[in-house]
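S.K.: Hey, dropping upload.pdb in here, PDB, C-alpha atoms and all ligand atoms:
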ATOM      1  CA  MET M 849      -1.689   5.288 -18.619
ATOM      2  CA  ARG M 850      -0.966   3.977 -15.113
ATOM      3  CA  ARG M 851      -1.392   0.240 -14.511
ATOM      4  CA  LYS M 852      -3.673  -0.527 -11.603
ATOM      5  CA  LEU M 853      -2.197  -2.275  -8.572
ATOM      6  CA  VAL M 854      -4.110  -4.367  -6.053
ATOM      7  CA  ALA M 855      -2.120  -5.036  -2.879
ATOM      8  CA  GLY M 856      -3.225  -7.281  -0.019
ATOM      9  CA  ASN M 857      -2.075  -6.450   3.503
ATOM     10  CA  TRP M 858      -2.543  -9.601   5.577
ATOM     11  CA  LYS M 859      -1.484  -7.818   8.787
ATOM     12  CA  MET M 860      -0.755 -10.315  11.615
ATOM     13  CA  ASN M 861      -2.732 -13.133  10.015
ATOM     14  CA  GLY M 862      -1.859 -16.238   8.043
ATOM     15  CA  SER M 863       0.242 -19.373   8.320
ATOM     16  CA  LYS M 864       2.145 -21.699   5.987
ATOM     17  CA  ALA M 865      -1.038 -23.710   5.451
ATOM     18  CA  PHE M 866      -2.979 -20.518   4.689
ATOM     19  CA  ILE M 867      -0.432 -19.485   2.019
ATOM     20  CA  ASN M 868      -0.601 -22.922   0.450
ATOM     21  CA  ASP M 869      -4.406 -22.836   0.195
ATOM     22  CA  PHE M 870      -4.500 -19.193  -0.898
ATOM     23  CA  GLN M 871      -1.944 -19.709  -3.655
ATOM     24  CA  LYS M 872      -3.692 -22.828  -5.007
ATOM     25  CA  GLU M 873      -7.022 -21.063  -5.307
ATOM     26  CA  PHE M 874      -5.445 -17.862  -6.585
ATOM     27  CA  SER M 875      -3.331 -19.572  -9.250
ATOM     28  CA  ALA M 876      -6.431 -21.236 -10.684
ATOM     29  CA  THR M 877      -7.427 -17.744 -11.916
ATOM     30  CA  VAL M 878      -4.040 -16.046 -12.170
ATOM     31  CA  GLY M 879      -3.997 -16.133 -15.980
ATOM     32  CA  GLU M 880      -6.587 -13.367 -15.970
ATOM     33  CA  PHE M 881      -4.398 -10.870 -14.178
ATOM     34  CA  SER M 882      -2.066  -9.748 -16.941
ATOM     35  CA  GLN M 883      -3.610  -6.250 -17.179
ATOM     36  CA  VAL M 884      -3.006  -5.283 -13.535
ATOM     37  CA  ASP M 885      -0.309  -5.699 -10.900
ATOM     38  CA  VAL M 886      -0.931  -7.742  -7.765
ATOM     39  CA  ALA M 887       1.081  -7.719  -4.538
ATOM     40  CA  LEU M 888       0.729  -9.512  -1.218
ATOM     41  CA  PHE M 889       2.155  -8.390   2.118
ATOM     42  CA  PRO M 890       2.256 -11.367   4.508
ATOM     43  CA  PRO M 891       3.794 -11.204   8.007
ATOM     44  CA  SER M 892       7.628 -11.121   7.779
ATOM     45  CA  LEU M 893       8.069 -14.683   8.986
ATOM     46  CA  LEU M 894       5.982 -15.947   6.062
ATOM     47  CA  ILE M 895       7.661 -13.913   3.308
ATOM     48  CA  CYS M 896      10.057 -16.729   2.292
ATOM     49  CA  ASP M 897       7.231 -19.194   2.064
ATOM     50  CA  ALA M 898       4.998 -16.787   0.128
ATOM     51  CA  ALA M 899       7.853 -15.914  -2.254
ATOM     52  CA  LYS M 900       8.381 -19.634  -2.983
ATOM     53  CA  HIS M 901       4.683 -20.289  -3.524
ATOM     54  CA  PHE M 902       4.198 -17.279  -5.789
ATOM     55  CA  ALA M 903       7.534 -17.571  -7.659
ATOM     56  CA  SER M 904       7.038 -16.845 -11.397
ATOM     57  CA  SER M 905       3.365 -16.022 -10.839
ATOM     58  CA  GLY M 906       3.833 -12.285 -11.332
ATOM     59  CA  VAL M 907       2.556 -11.639  -7.798
ATOM     60  CA  VAL M 908       4.948  -9.329  -5.940
ATOM     61  CA  ILE M 909       5.669 -10.286  -2.346
ATOM     62  CA  GLY M 910       6.285  -7.465   0.103
ATOM     63  CA  ALA M 911       6.831  -6.807   3.797
ATOM     64  CA  GLN M 912       4.571  -4.880   6.160
ATOM     65  CA  ASN M 913       7.466  -3.191   7.939
ATOM     66  CA  VAL M 914      11.214  -2.605   7.732
ATOM     67  CA  SER M 915      13.839  -1.286  10.114
ATOM     68  CA  GLN M 916      15.183   2.184   9.450
ATOM     69  CA  PHE M 917      18.622   0.875  10.488
ATOM     70  CA  GLU M 918      21.076  -0.946   8.252
ATOM     71  CA  ASN M 919      22.234  -3.619  10.727
ATOM     72  CA  GLY M 920      23.507  -4.074  14.274
ATOM     73  CA  ALA M 921      22.115  -4.118  17.800
ATOM     74  CA  TYR M 922      18.402  -3.652  17.073
ATOM     75  CA  THR M 923      16.846  -6.717  18.664
ATOM     76  CA  GLY M 924      13.750  -7.937  16.865
ATOM     77  CA  GLU M 925      14.200  -5.745  13.800
ATOM     78  CA  ILE M 926      14.512  -6.802  10.157
ATOM     79  CA  SER M 927      16.613  -4.762   7.735
ATOM     80  CA  ALA M 928      15.790  -3.831   4.156
ATOM     81  CA  ALA M 929      18.757  -5.890   2.892
ATOM     82  CA  MET M 930      17.427  -8.951   4.738
ATOM     83  CA  LEU M 931      14.048  -8.521   3.070
ATOM     84  CA  LEU M 932      15.666  -8.249  -0.330
ATOM     85  CA  ASP M 933      17.672 -11.376   0.418
ATOM     86  CA  VAL M 934      14.507 -13.488   0.771
ATOM     87  CA  ALA M 935      12.936 -12.404  -2.550
ATOM     88  CA  CYS M 936      10.874  -9.641  -1.023
ATOM     89  CA  ASP M 937      10.449  -6.776  -3.492
ATOM     90  CA  ALA M 938       8.399  -4.146  -1.700
ATOM     91  CA  VAL M 939       7.474  -2.782   1.701
ATOM     92  CA  LEU M 940       4.597  -0.876   3.314
ATOM     93  CA  VAL M 941       5.750   2.189   5.229
ATOM     94  CA  GLY M 942       3.675   4.553   7.347
ATOM     95  CA  HIS M 943       0.622   2.337   7.761
ATOM     96  CA  SER M 944      -1.704   4.021  10.252
ATOM     97  CA  GLU M 945      -1.410   1.035  12.609
ATOM     98  CA  ARG M 946       2.371   1.522  12.712
ATOM     99  CA  ARG M 947       1.966   5.262  13.177
ATOM    100  CA  ALA M 948      -0.656   4.928  15.947
ATOM    101  CA  LEU M 949       0.331   1.714  17.758
ATOM    102  CA  PHE M 950       4.108   1.817  17.338
ATOM    103  CA  GLY M 951       4.715   5.556  17.505
ATOM    104  CA  GLU M 952       6.147   5.921  14.010
ATOM    105  CA  ASP M 953       6.216   9.638  13.245
ATOM    106  CA  ASP M 954       7.061  11.335   9.945
ATOM    107  CA  CYS M 955      10.824  11.191  10.720
ATOM    108  CA  VAL M 956      10.757   7.438  11.312
ATOM    109  CA  VAL M 957       8.597   6.971   8.232
ATOM    110  CA  LEU M 958      11.095   8.901   6.105
ATOM    111  CA  SER M 959      14.040   6.888   7.506
ATOM    112  CA  LYS M 960      12.240   3.658   6.651
ATOM    113  CA  VAL M 961      11.405   4.844   3.134
ATOM    114  CA  ARG M 962      15.077   5.733   2.642
ATOM    115  CA  ALA M 963      16.314   2.414   4.042
ATOM    116  CA  ALA M 964      14.021   0.519   1.667
ATOM    117  CA  ILE M 965      14.837   2.566  -1.422
ATOM    118  CA  ASP M 966      18.574   2.437  -0.725
ATOM    119  CA  VAL M 967      18.559  -1.332  -1.271
ATOM    120  CA  GLY M 968      16.112  -1.234  -4.190
ATOM    121  CA  LEU M 969      12.828  -2.182  -2.529
ATOM    122  CA  ALA M 970       9.658  -0.565  -3.863
ATOM    123  CA  VAL M 971       7.727   1.376  -1.222
ATOM    124  CA  ILE M 972       4.024   1.833  -0.615
ATOM    125  CA  LEU M 973       3.843   4.964   1.513
ATOM    126  CA  CYS M 974       0.590   5.074   3.500
ATOM    127  CA  VAL M 975      -0.990   8.360   4.513
ATOM    128  CA  GLY M 976      -4.399   9.274   5.885
ATOM    129  CA  GLU M 977      -6.355  11.377   8.320
ATOM    130  CA  THR M 978      -8.242  10.344  11.463
ATOM    131  CA  LEU M 979     -11.967  10.927  11.863
ATOM    132  CA  LEU M 980     -11.321  13.857  14.184
ATOM    133  CA  GLU M 981      -8.997  15.431  11.630
ATOM    134  CA  ARG M 982     -11.623  14.997   8.879
ATOM    135  CA  GLU M 983     -14.330  16.473  11.083
ATOM    136  CA  SER M 984     -12.020  19.383  11.871
ATOM    137  CA  ALA M 985     -11.489  20.041   8.146
ATOM    138  CA  LEU M 986      -7.807  19.126   8.455
ATOM    139  CA  VAL M 987      -7.650  16.480   5.713
ATOM    140  CA  GLU M 988      -5.489  18.488   3.309
ATOM    141  CA  GLU M 989      -3.225  19.798   6.062
ATOM    142  CA  VAL M 990      -2.536  16.298   7.447
ATOM    143  CA  ILE M 991      -2.065  14.644   4.059
ATOM    144  CA  SER M 992       0.121  17.473   2.872
ATOM    145  CA  ARG M 993       2.366  17.223   5.953
ATOM    146  CA  GLN M 994       2.724  13.440   5.683
ATOM    147  CA  ILE M 995       3.471  13.495   1.962
ATOM    148  CA  LYS M 996       5.699  16.569   1.783
ATOM    149  CA  PHE M 997       7.909  15.155   4.522
ATOM    150  CA  VAL M 998       8.909  12.389   2.127
ATOM    151  CA  LEU M 999       8.533  14.256  -1.194
ATOM    152  CA  ASN M1000      10.834  17.081  -0.170
ATOM    153  CA  ALA M1001      13.550  14.744   1.098
ATOM    154  CA  LEU M1002      13.887  12.418  -1.881
ATOM    155  CA  THR M1003      15.201  12.805  -5.414
ATOM    156  CA  LEU M1004      12.965  12.171  -8.421
ATOM    157  CA  ASP M1005      14.843   8.947  -9.050
ATOM    158  CA  GLU M1006      14.162   7.764  -5.486
ATOM    159  CA  LEU M1007      10.515   8.817  -5.737
ATOM    160  CA  SER M1008      10.058   6.682  -8.834
ATOM    161  CA  LYS M1009      10.145   3.673  -6.437
ATOM    162  CA  VAL M1010       7.269   5.068  -4.353
ATOM    163  CA  THR M1011       3.548   4.357  -4.607
ATOM    164  CA  ILE M1012       1.251   6.309  -2.297
ATOM    165  CA  ALA M1013      -1.697   4.689  -0.521
ATOM    166  CA  TYR M1014      -4.381   7.046   0.744
ATOM    167  CA  GLU M1015      -5.946   5.267   3.702
ATOM    168  CA  PRO M1016      -8.349   7.350   5.780
ATOM    169  CA  VAL M1017      -7.818   5.974   9.294
ATOM    170  CA  TRP M1018     -11.574   6.016  10.000
ATOM    171  CA  ALA M1019     -12.133   3.618   7.094
ATOM    172  CA  ILE M1020      -9.529   0.992   8.016
ATOM    173  CA  GLY M1021     -11.059  -2.225   9.278
ATOM    174  CA  THR M1022     -14.269  -0.388  10.220
ATOM    175  CA  GLY M1023     -16.515  -1.315   7.300
ATOM    176  CA  GLU M1024     -16.821   2.454   6.617
ATOM    177  CA  THR M1025     -15.509   3.356   3.184
ATOM    178  CA  ALA M1026     -14.753   6.770   1.770
ATOM    179  CA  THR M1027     -17.209   7.437  -1.035
ATOM    180  CA  PRO M1028     -15.630   7.202  -4.487
ATOM    181  CA  GLU M1029     -15.984  11.013  -4.672
ATOM    182  CA  GLN M1030     -14.216  11.527  -1.319
ATOM    183  CA  ALA M1031     -11.424   9.205  -2.434
ATOM    184  CA  GLN M1032     -11.076  10.965  -5.806
ATOM    185  CA  GLN M1033     -10.970  14.374  -4.121
ATOM    186  CA  VAL M1034      -8.056  13.415  -1.857
ATOM    187  CA  HIS M1035      -6.275  11.467  -4.608
ATOM    188  CA  ALA M1036      -6.449  14.514  -6.910
ATOM    189  CA  PHE M1037      -5.092  16.649  -4.065
ATOM    190  CA  ILE M1038      -2.208  14.208  -3.544
ATOM    191  CA  ARG M1039      -1.429  14.174  -7.265
ATOM    192  CA  GLY M1040      -1.356  17.961  -7.168
ATOM    193  CA  LEU M1041       1.201  17.866  -4.338
ATOM    194  CA  VAL M1042       3.391  15.520  -6.354
ATOM    195  CA  ALA M1043       2.980  17.783  -9.421
ATOM    196  CA  GLU M1044       4.382  20.699  -7.410
ATOM    197  CA  LYS M1045       7.564  18.623  -7.159
ATOM    198  CA  ASP M1046       7.490  17.286 -10.712
ATOM    199  CA  GLN M1047       4.722  17.090 -13.313
ATOM    200  CA  ALA M1048       6.026  13.945 -15.040
ATOM    201  CA  LEU M1049       6.399  12.135 -11.722
ATOM    202  CA  SER M1050       2.838  13.044 -10.746
ATOM    203  CA  SER M1051       1.372  11.596 -13.911
ATOM    204  CA  LYS M1052       3.320   8.361 -13.412
ATOM    205  CA  MET M1053       2.935   7.871  -9.664
ATOM    206  CA  ARG M1054       0.328   5.346  -8.569
ATOM    207  CA  ILE M1055      -2.023   6.389  -5.780
ATOM    208  CA  LEU M1056      -3.952   3.526  -4.162
ATOM    209  CA  TYR M1057      -7.046   3.783  -2.002
ATOM    210  CA  GLY M1058      -7.288   1.702   1.177
ATOM    211  CA  GLY M1059     -10.048   1.428   3.755
ATOM    212  CA  SER M1060     -12.707  -1.288   3.779
ATOM    213  CA  VAL M1061     -12.458  -2.021   0.054
ATOM    214  CA  LYS M1062     -14.701  -4.997  -0.677
ATOM    215  CA  PRO M1063     -15.921  -6.802  -3.814
ATOM    216  CA  ASP M1064     -19.093  -4.683  -3.863
ATOM    217  CA  ASN M1065     -17.424  -1.253  -3.760
ATOM    218  CA  ALA M1066     -14.057  -1.836  -5.450
ATOM    219  CA  GLU M1067     -14.995  -1.217  -9.080
ATOM    220  CA  GLU M1068     -16.666   2.119  -8.418
ATOM    221  CA  ILE M1069     -13.723   3.367  -6.365
ATOM    222  CA  PHE M1070     -11.119   2.072  -8.832
ATOM    223  CA  SER M1071     -12.971   3.755 -11.722
ATOM    224  CA  LYS M1072     -12.145   7.226 -10.433
ATOM    225  CA  PRO M1073      -9.461   8.886 -12.574
ATOM    226  CA  ASP M1074      -6.866   9.364  -9.830
ATOM    227  CA  VAL M1075      -7.411   6.011  -8.097
ATOM    228  CA  ASP M1076      -4.849   3.523  -9.379
ATOM    229  CA  GLY M1077      -5.935   0.489  -7.385
ATOM    230  CA  GLY M1078      -6.236  -0.451  -3.752
ATOM    231  CA  LEU M1079      -4.502  -1.539  -0.586
ATOM    232  CA  ILE M1080      -6.762  -4.206   0.822
ATOM    233  CA  GLY M1081      -6.738  -5.410   4.429
ATOM    234  CA  GLY M1082      -9.543  -7.674   5.659
ATOM    235  CA  ALA M1083     -10.817  -8.667   2.221
ATOM    236  CA  SER M1084      -7.341  -9.835   1.142
ATOM    237  CA  LEU M1085      -7.613 -12.732   3.600
ATOM    238  CA  LEU M1086     -10.533 -14.203   1.672
ATOM    239  CA  VAL M1087      -9.159 -15.405  -1.624
ATOM    240  CA  ALA M1088     -12.523 -15.235  -3.406
ATOM    241  CA  ASP M1089     -12.990 -11.610  -2.298
ATOM    242  CA  PHE M1090      -9.419 -10.720  -3.223
ATOM    243  CA  VAL M1091      -9.800 -12.267  -6.681
ATOM    244  CA  SER M1092     -13.056 -10.389  -7.139
ATOM    245  CA  ILE M1093     -11.333  -7.108  -6.182
ATOM    246  CA  VAL M1094      -8.546  -7.844  -8.674
ATOM    247  CA  ARG M1095     -11.239  -8.415 -11.316
ATOM    248  CA  SER M1096     -12.774  -5.053 -10.405
ATOM    249  CA  ALA M1097      -9.394  -3.428 -11.031
ATOM    250  CA  ILE M1098      -9.238  -5.108 -14.437
ATOM    251  CA  LYS M1099     -12.740  -3.849 -15.297
ATOM    252  CA  ALA M1100     -11.872  -0.344 -14.114
ATOM    253  CA  SER M1101      -8.652  -0.289 -16.173
TER
HETATM  254  C1  LIG M1201      -5.295  -1.740   5.620
HETATM  255  O1  LIG M1201      -5.031  -2.222   6.691
HETATM  256  O2  LIG M1201      -4.402  -1.255   4.915
HETATM  257  C2  LIG M1201      -6.703  -1.739   5.178
HETATM  258  C3  LIG M1201      -7.027  -0.998   4.148
HETATM  259  O3  LIG M1201      -7.563  -2.523   5.897
HETATM  260  P1  LIG M1201      -9.108  -2.826   5.544
HETATM  261  O4  LIG M1201      -9.204  -3.114   4.068
HETATM  262  O5  LIG M1201      -9.458  -4.015   6.389
HETATM  263  O6  LIG M1201      -9.883  -1.602   5.915
END
Step by step, read the file and then write its structure as structure tokens.

M.R.:
Amino acid sequence: MRRKLVAGNWKMNGSKAFINDFQKEFSATVGEFSQVDVALFPPSLLICDAAKHFASSGVVIGAQNVSQFENGAYTGEISAAMLLDVACDAVLVGHSERRALFGEDDCVVLSKVRAAIDVGLAVILCVGETLLERESALVEEVISRQIKFVLNALTLDELSKVTIAYEPVWAIGTGETATPEQAQQVHAFIRGLVAEKDQALSSKMRILYGGSVKPDNAEEIFSKPDVDGGLIGGASLLVADFVSIVRSAIKAS
């Protein structure tokens, strides 16, 4: 049985004061979260602060991005080893905003996954189709390309550090959510791709859904057999909503 994971992607939002308030309110209910895993992805500059606030709480702190390079003359970049050094345990790679706004193609995504895994960070690999691709019946082709690029390049041991997040681009930050059936269909397809590589890995690998998950739709989505939790953007900035989504994951477990 896979444990559900609820991960909050704060994107370029938050501050030290925000973390302080969020953690206080969150920790008032944290005792209830022993059945699921929870992770938060603040902006890089706030990782240290978040790691201190959430130390020993069971909440994993991750980064939203990592350099594909080890060290050296890469102005403005942050390496995987640096993230590890500040008690960061995980990283998002391949988020559609990084792919679309920062030109990260499948090669860059793979290099970043490798860089993270090489130092022992867990990876949430984000994949998803645009609206045009869905309307052109290209969902499976796009998802397959994005996933196989990484699957085919890594060993089973390396892949054990990877969680996949299916995030249809048309559902991110738009208020439009994939129906639970649409999500399940793509999640089952993804699990099938992983099974082609290794059956045992596919039954263990967590596949999260992301795209306008809110308190009122989370439980139904998380109840689908191949949905192992969610990657939450906007709603992770509202602690009451985030807590409610975590509760939905507990109910759906
Ligand atoms: C995201 O950015 O990963 C995301 C899922 O955003 P939202 O929940 O706001 O759609």

S.K.: Go through the chains and note each residue within 7 Å of ligand LIG 1201 (chain M), using all atoms listed in the file, then give the set as an NGL selection string.

M.R.: :M and (857 or 859 or 943 or 1015 or 1019-1023 or 1058-1061 or 1079-1083)

S.K.: If we count all atoms listed in the file, what is near Leu999 (chain M) at a cut-off of 8 Å, once residues fewer than 5 positions away on the same chain are taken out, given as a PyMOL selection string?

M.R.: chain M and resi 1007+1042+1045

S.K.: Could you work out an axis-aligned box for region 968-981 of chain M, taking every atom the file lists and adding 5 Å on each side, and report centre and edge lengths in Å to one decimal, as AutoDock Vina command-line options?

M.R.:
--center_x 2.1 --center_y 6.6 --center_z 5.0 --size_x 38.1 --size_y 27.6 --size_z 28.4

S.K.: Tell me which residues come within 7 Å of (4.1, -1.2, -4.8), as a list in words, counting all atoms listed in the file in the file's coordinates.

M.R.: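 It turns out the residues near that spot are Ala938, Ala970, Val971, Ile972 and Thr1011 of chain M.
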
S.K.: Find the residues around region 888-891 of chain M up to 7 Å (only C-alpha atoms counted), leave out those fewer than 3 positions away in its own chain, and share them as a PyMOL selection string.

M.R.: chain M and resi 855-860+894-895+908-912

S.K.: Looking at all atoms listed in the file, which of M:Leu1049, M:Val967, M:Val934, M:Leu1041 is the one that sits closest to Thr1003 (chain M)?

M.R.: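 Under the stated criterion, the closest residue is M:Leu1049.
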
S.K.: Which residue is closest to Gln1032 (chain M)? Choose from M:Ser882, M:Asn861, M:Ser1071, M:Ser905 and count all atoms listed in the file.

M.R.: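 When distances to Gln1032 (chain M) are compared using all atoms listed in the file, the smallest one comes from M:Ser1071.
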
S.K.: Around (0.9, -5.6, -14.3), as given in the file, which residues come within 9 Å? Count all atoms listed in the file and list them as a PyMOL selection string.

M.R.: chain M and resi 851-853+881-886+906

S.K.: Those selected residues, please, written with C-alpha atoms and delivered as a compact mmCIF listing (two decimals), keeping the file's coordinate frame.

M.R.:
# COMPACT_ATOMS: atom_id res chain seq x y z
CA ARG M 851 -1.39 0.24 -14.51
CA LYS M 852 -3.67 -0.53 -11.60
CA LEU M 853 -2.20 -2.28 -8.57
CA PHE M 881 -4.40 -10.87 -14.18
CA SER M 882 -2.07 -9.75 -16.94
CA GLN M 883 -3.61 -6.25 -17.18
CA VAL M 884 -3.01 -5.28 -13.54
CA ASP M 885 -0.31 -5.70 -10.90
CA VAL M 886 -0.93 -7.74 -7.76
CA GLY M 906 3.83 -12.28 -11.33

S.K.: Please rebuild region 948-972 of chain M with N, CA and C atoms and return the result as a compact mmCIF listing (two decimals), keeping the file's coordinate frame.

M.R.:
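The new file rebuild-v5.txt reads:
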# COMPACT_ATOMS: atom_id res chain seq x y z
N ALA M 948 0.10 4.75 14.70
CA ALA M 948 -0.66 4.93 15.95
C ALA M 948 -0.21 3.97 17.05
N LEU M 949 0.05 2.72 16.71
CA LEU M 949 0.33 1.71 17.76
C LEU M 949 1.82 1.61 18.08
N PHE M 950 2.67 1.99 17.13
CA PHE M 950 4.11 1.82 17.34
C PHE M 950 4.86 3.15 17.28
N GLY M 951 4.11 4.23 17.37
CA GLY M 951 4.72 5.56 17.50
C GLY M 951 5.59 5.99 16.35
N GLU M 952 5.30 5.52 15.14
CA GLU M 952 6.15 5.92 14.01
C GLU M 952 5.71 7.29 13.49
N ASP M 953 6.55 8.29 13.71
CA ASP M 953 6.22 9.64 13.24
C ASP M 953 6.80 9.86 11.85
N ASP M 954 6.62 11.06 11.32
CA ASP M 954 7.06 11.34 9.94
C ASP M 954 8.56 11.11 9.77
N CYS M 955 9.36 11.39 10.83
CA CYS M 955 10.82 11.19 10.72
C CYS M 955 11.15 9.71 10.56
N VAL M 956 10.51 8.89 11.39
CA VAL M 956 10.76 7.44 11.31
C VAL M 956 10.29 6.93 9.95
N VAL M 957 9.13 7.40 9.53
CA VAL M 957 8.60 6.97 8.23
C VAL M 957 9.60 7.30 7.12
N LEU M 958 10.12 8.51 7.14
CA LEU M 958 11.10 8.90 6.10
C LEU M 958 12.35 8.02 6.17
N SER M 959 12.84 7.74 7.40
CA SER M 959 14.04 6.89 7.51
C SER M 959 13.78 5.50 6.93
N LYS M 960 12.57 5.00 7.16
CA LYS M 960 12.24 3.66 6.65
C LYS M 960 12.12 3.67 5.13
N VAL M 961 11.51 4.73 4.59
CA VAL M 961 11.40 4.84 3.13
C VAL M 961 12.81 4.85 2.54
N ARG M 962 13.69 5.64 3.13
CA ARG M 962 15.08 5.73 2.64
C ARG M 962 15.79 4.38 2.70
N ALA M 963 15.64 3.71 3.86
CA ALA M 963 16.31 2.41 4.04
C ALA M 963 15.86 1.43 2.96
N ALA M 964 14.57 1.45 2.67
CA ALA M 964 14.02 0.52 1.67
C ALA M 964 14.54 0.87 0.28
N ILE M 965 14.44 2.14 -0.07
CA ILE M 965 14.84 2.57 -1.42
C ILE M 965 16.34 2.37 -1.64
N ASP M 966 17.11 2.59 -0.59
CA ASP M 966 18.57 2.44 -0.72
C ASP M 966 18.97 1.04 -1.19
N VAL M 967 18.19 0.02 -0.82
CA VAL M 967 18.56 -1.33 -1.27
C VAL M 967 17.77 -1.76 -2.51
N GLY M 968 16.85 -0.92 -2.97
CA GLY M 968 16.11 -1.23 -4.19
C GLY M 968 14.72 -1.80 -3.98
N LEU M 969 14.21 -1.73 -2.75
CA LEU M 969 12.83 -2.18 -2.53
C LEU M 969 11.86 -1.10 -3.01
N ALA M 970 10.72 -1.52 -3.57
CA ALA M 970 9.66 -0.56 -3.86
C ALA M 970 8.93 -0.26 -2.55
N VAL M 971 8.37 0.95 -2.47
CA VAL M 971 7.73 1.38 -1.22
C VAL M 971 6.28 1.75 -1.49
N ILE M 972 5.38 1.27 -0.63
CA ILE M 972 4.02 1.83 -0.62
C ILE M 972 3.94 2.69 0.63
